[in-house]
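Worksheet: one structure, shown below.
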Amino acid sequence: MTKLFIARVRGTDGERPLVTVRAAAEGEARLFVEAAYPEDEIVEIAEPGEWVSDSDTGTKNGDVREHPGTAWQAPTSRA
């Protein structure tokens with residue numbers, strides 16, 4: 001079963017828009033994002049918490065998608 005993860009990716013020109021990835025676990029999500037952006041720094045990967053998107057975030061394991069116009073925000077934890 002895949003879960004949704006969000007990634008903060010920094011390229012040579014600065015921060016990329018928010019990146020989402022479908023994966024079974026955080027480590028696998030990192031591998032997919034590293035493969036998609038081999039020249040960039042993967043700053044952080046996290047489960048999105050309460051984040052809701054009206055953009056297509058994919059459904060299959062390994063779906064990596066960039067969301068122009070959406071910037072990284074650290075996920076909020078439930079109290």
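Labels used: A, B, ... for chains in the order of the structure tokens, numbers from 1 for residues in each chain, and numbers from 1 for ligands as shown.
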Please identify all polymer residues within 10 Å of range 4-18 of chain A, counting only C-alpha atoms, omitting same-chain residues fewer than 3 positions from it, and present them as a PyMOL selection string. chain A and resi 21-26+29-30+33-34+37-49+51+57-59+61+63-75
Among chain A, which ones does DSSP assign to strand (DSSP E) (computed from the backbone)? Answer as a PyMOL selection string. chain A and resi 3-11+14-15+18-23+41-46+64-67
I'd like to know which of A:Met1, A:Gly62, A:Asp54, A:Val19 is closest to Phe32 in chain A, using only C-alpha atoms.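 Nearest candidate to Phe32 in chain A out of A:Met1, A:Gly62, A:Asp54, A:Val19: A:Gly62.
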Write down as an mmCIF file with N, CA and C atoms, in the first residue's frame the residues of chain A whose backbone DSSP state falls under alpha helix (DSSP H).
data_model
loop_
_atom_site.group_PDB
_atom_site.id
_atom_site.type_symbol
_atom_site.label_atom_id
_atom_site.label_comp_id
_atom_site.auth_asym_id
_atom_site.auth_seq_id
_atom_site.Cartn_x
_atom_site.Cartn_y
_atom_site.Cartn_z
ATOM 1 N N GLU A 26 9.046 6.100 4.074
ATOM 2 C CA GLU A 26 9.832 7.313 3.865
ATOM 3 C C GLU A 26 11.152 7.046 3.129
ATOM 4 N N GLY A 27 11.831 5.976 3.485
ATOM 5 C CA GLY A 27 13.099 5.658 2.827
ATOM 6 C C GLY A 27 12.921 5.399 1.341
ATOM 7 N N GLU A 28 11.864 4.690 0.994
ATOM 8 C CA GLU A 28 11.564 4.425 -0.411
ATOM 9 C C GLU A 28 11.200 5.727 -1.127
ATOM 10 N N ALA A 29 10.441 6.593 -0.455
ATOM 11 C CA ALA A 29 10.071 7.886 -1.031
ATOM 12 C C ALA A 29 11.329 8.685 -1.366
ATOM 13 N N ARG A 30 12.298 8.690 -0.452
ATOM 14 C CA ARG A 30 13.554 9.405 -0.688
ATOM 15 C C ARG A 30 14.269 8.859 -1.918
ATOM 16 N N LEU A 31 14.295 7.552 -2.083
ATOM 17 C CA LEU A 31 14.955 6.953 -3.250
ATOM 18 C C LEU A 31 14.285 7.390 -4.554
ATOM 19 N N PHE A 32 12.954 7.413 -4.576
ATOM 20 C CA PHE A 32 12.234 7.842 -5.774
ATOM 21 C C PHE A 32 12.534 9.303 -6.110
ATOM 22 N N VAL A 33 12.550 10.159 -5.091
ATOM 23 C CA VAL A 33 12.805 11.580 -5.327
ATOM 24 C C VAL A 33 14.261 11.787 -5.755
ATOM 25 N N GLU A 34 15.190 11.083 -5.138
ATOM 26 C CA GLU A 34 16.602 11.197 -5.532
ATOM 27 C C GLU A 34 16.792 10.770 -6.984
ATOM 28 N N ALA A 35 16.071 9.736 -7.413
ATOM 29 C CA ALA A 35 16.169 9.282 -8.801
ATOM 30 C C ALA A 35 15.570 10.312 -9.765
ATOM 31 N N ALA A 36 14.500 10.977 -9.341
ATOM 32 C CA ALA A 36 13.845 11.974 -10.193
ATOM 33 C C ALA A 36 14.640 13.277 -10.281
#
